[in-house]
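Peer 1: Below is a structure I'd like to ask you about.
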Amino acid sequence: MYRFYRAGEEETLALRGVSLTCQRGEIVAVTGPSGSGKSTLLACLAGLDEPSGGTVRIAGERISHRSEAERARLRAEHVGVLYQSGNLLDHLSVIDNVQLARDLGVDRSPTRSKPGQLLDLLGIGSRAAAWPDQLSGGEAARAGLAVALANAPDVLVADEPTGELDSASEDAVLDLLLQRARAGTAVVVASHSPAVAAAADQVVTLVDGVRQA
């Protein structure tokens, strides 16, 4: 996969010939220094950005080089996205954030858990009525994960999900990612964390947009 950005006469080579495959039940850790292309790679994998060259397929369907509407539909059907922050809408309670994600997605019953059940599964059922600014860092990370998992995605793409957490909260979130992988979800995580890399089935290291051998 290739991704080039142009601003006037300047060209930035964000990704240069990067490829990866993540199977169901597998965790792939994408590592590398800041500016190495990790977030760009995840955005392309999730259909949030278009590769300049190459193809992205999820669950056998091509998500790249399609209209934004088609990419959004496939993302709703197959992909959950977890960011380091900004996963929750401040004007909605935790459970309403999860419900909104379900309403915007595709009905995949009976594989989807109800919002309250999903929050219970992630250990924050008691915080369902809380507002995002009332949550601790670990609780916010779990609530964001609940939003990302609201529609039982085939692939979970997580961009630095533990970057702002203490070690105990990081361990809890990492355990949840491992649980999702064991349940059959393909998990791709961009992270600087040695703990995430150690738990992964496959580690992809990027330097200046190039995958290292």
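Residues are referred to by chain and number: the chain letter is A, B, ... according to the order shown in the structure tokens, the number counts from 1 in that chain, and ligands are numbered separately from 1 in the order shown.
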Could you pull out all residues of segment 81-193 of chain A with a DSSP call of strand (DSSP E) and give them as a PyMOL selection string?

Peer 2: chain A and resi 81-82+155-159+186-190

Peer 1: With N, CA and C atoms retained, write the just-selected residues as a short mmCIF file (atom, residue, chain, number, x, y, z; two decimals), in the first residue's frame.

Peer 2:
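Listed below is the output, part_26.cif:
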data_model
loop_
_atom_site.label_atom_id
_atom_site.label_comp_id
_atom_site.auth_asym_id
_atom_site.auth_seq_id
_atom_site.Cartn_x
_atom_site.Cartn_y
_atom_site.Cartn_z
N VAL A 81 -13.73 1.34 15.11
CA VAL A 81 -12.55 2.20 15.21
C VAL A 81 -12.45 2.75 16.62
N LEU A 82 -11.29 2.57 17.23
CA LEU A 82 -11.03 3.06 18.58
C LEU A 82 -9.83 4.00 18.53
N VAL A 155 -13.47 -6.45 12.19
CA VAL A 155 -12.13 -5.90 12.42
C VAL A 155 -12.23 -4.74 13.40
N LEU A 156 -11.36 -4.73 14.39
CA LEU A 156 -11.24 -3.60 15.31
C LEU A 156 -9.91 -2.92 15.03
N VAL A 157 -9.96 -1.65 14.66
CA VAL A 157 -8.77 -0.85 14.39
C VAL A 157 -8.61 0.14 15.54
N ALA A 158 -7.49 0.06 16.25
CA ALA A 158 -7.29 0.88 17.44
C ALA A 158 -6.01 1.70 17.29
N ASP A 159 -6.13 3.02 17.37
CA ASP A 159 -4.99 3.92 17.19
C ASP A 159 -4.55 4.46 18.55
N ALA A 186 -10.65 -9.66 14.32
CA ALA A 186 -9.30 -9.30 13.91
C ALA A 186 -8.99 -7.92 14.49
N VAL A 187 -7.87 -7.80 15.19
CA VAL A 187 -7.54 -6.56 15.91
C VAL A 187 -6.22 -6.01 15.38
N VAL A 188 -6.25 -4.75 14.93
CA VAL A 188 -5.03 -4.07 14.47
C VAL A 188 -4.83 -2.85 15.36
N VAL A 189 -3.70 -2.80 16.06
CA VAL A 189 -3.44 -1.75 17.06
C VAL A 189 -2.15 -1.01 16.71
N ALA A 190 -2.25 0.30 16.56
CA ALA A 190 -1.05 1.13 16.44
C ALA A 190 -0.66 1.58 17.83
#

Peer 1: So that I can check the surroundings of segment 58-62 of chain A, please list as a ChimeraX atom specification every protein, DNA and RNA residue that reaches within 9 Å of it, counting only C-alpha atoms and ignoring chain neighbours fewer than 6 positions away.

Peer 2: /A:45-46,74,78-79,154-155

Peer 1: I'd like the contact shell of Gln117 of chain A - 12 Å cut-off, only C-alpha atoms, skipping same-chain residues fewer than 4 positions apart - returned as JSON, numbers by chain.

Peer 2: {"A": [95, 98, 99, 112, 113, 121, 122, 123, 124, 125, 126, 128, 146, 149, 150]}

Peer 1: Could you dump the residues just selected with N, CA, C and O atoms as a short mmCIF file (atom, residue, chain, number, x, y, z; two decimals), in the first residue's frame?

Peer 2:
data_model
loop_
_atom_site.label_atom_id
_atom_site.label_comp_id
_atom_site.auth_asym_id
_atom_site.auth_seq_id
_atom_site.Cartn_x
_atom_site.Cartn_y
_atom_site.Cartn_z
N ILE A 95 -24.13 5.15 27.76
CA ILE A 95 -24.98 4.18 27.08
C ILE A 95 -25.60 4.76 25.82
O ILE A 95 -25.79 4.05 24.82
N VAL A 98 -23.13 4.47 22.98
CA VAL A 98 -23.12 3.11 22.41
C VAL A 98 -24.38 2.88 21.56
O VAL A 98 -24.31 2.32 20.46
N GLN A 99 -25.52 3.36 22.04
CA GLN A 99 -26.76 3.19 21.30
C GLN A 99 -26.70 3.92 19.96
O GLN A 99 -27.16 3.41 18.93
N ARG A 112 -24.77 -9.05 17.96
CA ARG A 112 -24.52 -7.82 18.71
C ARG A 112 -25.08 -7.93 20.12
O ARG A 112 -26.20 -8.39 20.33
N SER A 113 -24.32 -7.47 21.07
CA SER A 113 -24.82 -7.35 22.44
C SER A 113 -25.61 -6.06 22.55
O SER A 113 -25.32 -5.07 21.88
N LEU A 121 -20.18 -6.26 30.05
CA LEU A 121 -19.09 -7.14 29.62
C LEU A 121 -17.74 -6.45 29.78
O LEU A 121 -16.74 -7.08 30.14
N LEU A 122 -17.73 -5.13 29.55
CA LEU A 122 -16.49 -4.37 29.65
C LEU A 122 -16.23 -3.84 31.06
O LEU A 122 -15.26 -3.11 31.29
N GLY A 123 -17.13 -4.19 31.98
CA GLY A 123 -16.90 -3.84 33.38
C GLY A 123 -17.28 -2.43 33.78
O GLY A 123 -16.86 -1.94 34.83
N ILE A 124 -18.09 -1.75 32.96
CA ILE A 124 -18.50 -0.38 33.31
C ILE A 124 -20.02 -0.22 33.22
O ILE A 124 -20.52 0.88 32.96
N GLY A 125 -20.75 -1.29 33.46
CA GLY A 125 -22.20 -1.22 33.44
C GLY A 125 -22.75 -0.20 34.42
O GLY A 125 -23.76 0.46 34.15
N SER A 126 -22.06 -0.05 35.54
CA SER A 126 -22.53 0.90 36.56
C SER A 126 -22.35 2.35 36.14
O SER A 126 -22.89 3.26 36.76
N ALA A 128 -23.15 3.48 33.04
CA ALA A 128 -23.93 3.67 31.82
C ALA A 128 -24.55 5.05 31.71
O ALA A 128 -24.62 5.64 30.63
N ALA A 146 -16.48 0.11 23.86
CA ALA A 146 -17.87 -0.31 23.71
C ALA A 146 -18.48 0.31 22.46
O ALA A 146 -19.22 -0.37 21.71
N LEU A 149 -17.18 -1.48 19.44
CA LEU A 149 -17.67 -2.86 19.32
C LEU A 149 -19.19 -2.94 19.20
O LEU A 149 -19.74 -4.04 19.15
N ALA A 150 -19.86 -1.80 19.13
CA ALA A 150 -21.32 -1.77 19.20
C ALA A 150 -21.99 -2.62 18.14
O ALA A 150 -23.07 -3.18 18.36
#

Peer 1: Using the chain letters and numbers from this document, which residues of segment 66-128 of chain A does DSSP assign to alpha helix (DSSP H), as an MDAnalysis selection string?

Peer 2: chainID A and resid 68:78 94:104 115:121

Peer 1: Have a look at A:Gly105, A:Val28, A:Gly8, A:Arg142 and name the one nearest to Asp120 of chain A; count only C-alpha atoms.

Peer 2: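 Closest to Asp120 of chain A of all the choices is A:Arg142.
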
Peer 1: Counting only C-alpha atoms, give me one row per residue of segment 24-114 of chain A with an atom at most 12 Å from an atom of segment 202-209 of chain A, showing the shortest contact pair and its distance in Å to one decimal, sorted by chain then residue number, as JSON lines.

Peer 2:
{"residue": "A:Gly25", "atom": "CA", "partner": "A:Gln202", "partner_atom": "CA", "distance": 11.7}
{"residue": "A:Glu26", "atom": "CA", "partner": "A:Gln202", "partner_atom": "CA", "distance": 7.9}
{"residue": "A:Ile27", "atom": "CA", "partner": "A:Gln202", "partner_atom": "CA", "distance": 6.6}
{"residue": "A:Val28", "atom": "CA", "partner": "A:Gln202", "partner_atom": "CA", "distance": 4.8}
{"residue": "A:Ala29", "atom": "CA", "partner": "A:Val203", "partner_atom": "CA", "distance": 4.8}
{"residue": "A:Val30", "atom": "CA", "partner": "A:Val204", "partner_atom": "CA", "distance": 4.7}
{"residue": "A:Thr31", "atom": "CA", "partner": "A:Thr205", "partner_atom": "CA", "distance": 4.7}
{"residue": "A:Gly32", "atom": "CA", "partner": "A:Leu206", "partner_atom": "CA", "distance": 5.0}
{"residue": "A:Pro33", "atom": "CA", "partner": "A:Val207", "partner_atom": "CA", "distance": 6.8}
{"residue": "A:Ser34", "atom": "CA", "partner": "A:Val207", "partner_atom": "CA", "distance": 9.0}
{"residue": "A:Gly35", "atom": "CA", "partner": "A:Asp208", "partner_atom": "CA", "distance": 7.0}
{"residue": "A:Ser36", "atom": "CA", "partner": "A:Asp208", "partner_atom": "CA", "distance": 4.5}
{"residue": "A:Gly37", "atom": "CA", "partner": "A:Gly209", "partner_atom": "CA", "distance": 5.0}
{"residue": "A:Lys38", "atom": "CA", "partner": "A:Leu206", "partner_atom": "CA", "distance": 7.0}
{"residue": "A:Ser39", "atom": "CA", "partner": "A:Gly209", "partner_atom": "CA", "distance": 10.5}
{"residue": "A:Thr40", "atom": "CA", "partner": "A:Gly209", "partner_atom": "CA", "distance": 9.1}
{"residue": "A:Leu41", "atom": "CA", "partner": "A:Gly209", "partner_atom": "CA", "distance": 8.9}
{"residue": "A:Leu42", "atom": "CA", "partner": "A:Val204", "partner_atom": "CA", "distance": 11.9}

Peer 1: For Asn87 of chain A, work out the shell of residues within 9 Å, counting only C-alpha atoms and skipping chain neighbours fewer than 6 positions away, then give it as a list in words.

Peer 2: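 Here the qualifying residues turn out to be Val81, Asn97, Ala140, Ala141, Ala143, Gly144, Leu145, Val147 and Ala148 of chain A.
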
Peer 1: With all heavy atoms retained, write the just-selected residues as a PDB file, in the first residue's frame.

Peer 2:
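So the final result, stored in result-v1.pdb, reads:
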ATOM      1  N   VAL A  81     -13.728   1.337  15.110  1.00  0.00           N
ATOM      2  CA  VAL A  81     -12.553   2.200  15.209  1.00  0.00           C
ATOM      3  C   VAL A  81     -12.451   2.754  16.623  1.00  0.00           C
ATOM      4  O   VAL A  81     -13.410   3.322  17.151  1.00  0.00           O
ATOM      5  CB  VAL A  81     -12.623   3.359  14.194  1.00  0.00           C
ATOM      6  CG1 VAL A  81     -11.363   4.207  14.285  1.00  0.00           C
ATOM      7  CG2 VAL A  81     -12.791   2.830  12.770  1.00  0.00           C
ATOM      8  N   ASN A  97     -24.099   6.939  23.875  1.00  0.00           N
ATOM      9  CA  ASN A  97     -23.034   6.883  22.871  1.00  0.00           C
ATOM     10  C   ASN A  97     -23.012   5.522  22.189  1.00  0.00           C
ATOM     11  O   ASN A  97     -22.891   5.435  20.965  1.00  0.00           O
ATOM     12  CB  ASN A  97     -21.677   7.151  23.533  1.00  0.00           C
ATOM     13  CG  ASN A  97     -21.261   8.606  23.494  1.00  0.00           C
ATOM     14  OD1 ASN A  97     -20.774   9.098  22.484  1.00  0.00           O
ATOM     15  ND2 ASN A  97     -21.457   9.299  24.602  1.00  0.00           N
ATOM     16  N   ALA A 140     -13.095   5.739  30.400  1.00  0.00           N
ATOM     17  CA  ALA A 140     -13.305   6.343  29.084  1.00  0.00           C
ATOM     18  C   ALA A 140     -12.789   5.429  27.973  1.00  0.00           C
ATOM     19  O   ALA A 140     -13.405   5.315  26.906  1.00  0.00           O
ATOM     20  CB  ALA A 140     -12.624   7.705  29.014  1.00  0.00           C
ATOM     21  N   ALA A 141     -11.652   4.776  28.220  1.00  0.00           N
ATOM     22  CA  ALA A 141     -11.111   3.842  27.231  1.00  0.00           C
ATOM     23  C   ALA A 141     -12.054   2.669  27.022  1.00  0.00           C
ATOM     24  O   ALA A 141     -12.288   2.233  25.884  1.00  0.00           O
ATOM     25  CB  ALA A 141      -9.732   3.348  27.675  1.00  0.00           C
ATOM     26  N   ALA A 143     -15.328   2.687  27.606  1.00  0.00           N
ATOM     27  CA  ALA A 143     -16.530   3.193  26.959  1.00  0.00           C
ATOM     28  C   ALA A 143     -16.288   3.392  25.465  1.00  0.00           C
ATOM     29  O   ALA A 143     -17.163   3.078  24.634  1.00  0.00           O
ATOM     30  CB  ALA A 143     -16.965   4.502  27.610  1.00  0.00           C
ATOM     31  N   GLY A 144     -15.113   3.896  25.110  1.00  0.00           N
ATOM     32  CA  GLY A 144     -14.775   4.039  23.702  1.00  0.00           C
ATOM     33  C   GLY A 144     -14.717   2.700  23.001  1.00  0.00           C
ATOM     34  O   GLY A 144     -15.146   2.560  21.845  1.00  0.00           O
ATOM     35  N   LEU A 145     -14.200   1.688  23.702  1.00  0.00           N
ATOM     36  CA  LEU A 145     -14.160   0.348  23.136  1.00  0.00           C
ATOM     37  C   LEU A 145     -15.578  -0.182  22.936  1.00  0.00           C
ATOM     38  O   LEU A 145     -15.864  -0.848  21.929  1.00  0.00           O
ATOM     39  CB  LEU A 145     -13.357  -0.575  24.050  1.00  0.00           C
ATOM     40  CG  LEU A 145     -13.149  -2.013  23.574  1.00  0.00           C
ATOM     41  CD1 LEU A 145     -12.495  -2.051  22.203  1.00  0.00           C
ATOM     42  CD2 LEU A 145     -12.310  -2.790  24.582  1.00  0.00           C
ATOM     43  N   VAL A 147     -18.198   1.572  22.200  1.00  0.00           N
ATOM     44  CA  VAL A 147     -18.691   2.233  20.989  1.00  0.00           C
ATOM     45  C   VAL A 147     -18.126   1.537  19.743  1.00  0.00           C
ATOM     46  O   VAL A 147     -18.848   1.266  18.781  1.00  0.00           O
ATOM     47  CB  VAL A 147     -18.319   3.725  21.002  1.00  0.00           C
ATOM     48  CG1 VAL A 147     -18.595   4.370  19.647  1.00  0.00           C
ATOM     49  CG2 VAL A 147     -19.095   4.458  22.090  1.00  0.00           C
ATOM     50  N   ALA A 148     -16.828   1.230  19.771  1.00  0.00           N
ATOM     51  CA  ALA A 148     -16.193   0.590  18.616  1.00  0.00           C
ATOM     52  C   ALA A 148     -16.734  -0.814  18.363  1.00  0.00           C
ATOM     53  O   ALA A 148     -16.762  -1.280  17.219  1.00  0.00           O
ATOM     54  CB  ALA A 148     -14.680   0.531  18.828  1.00  0.00           C
TER      55      ALA A 148
END

Peer 1: Which one is closest to Ala130 of chain A: A:Ser19, A:Ser85, A:Ser67, A:Ser93? Count only C-alpha atoms.

Peer 2: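 Once distances to Ala130 of chain A are computed over only C-alpha atoms, the minimum belongs to A:Ser93.
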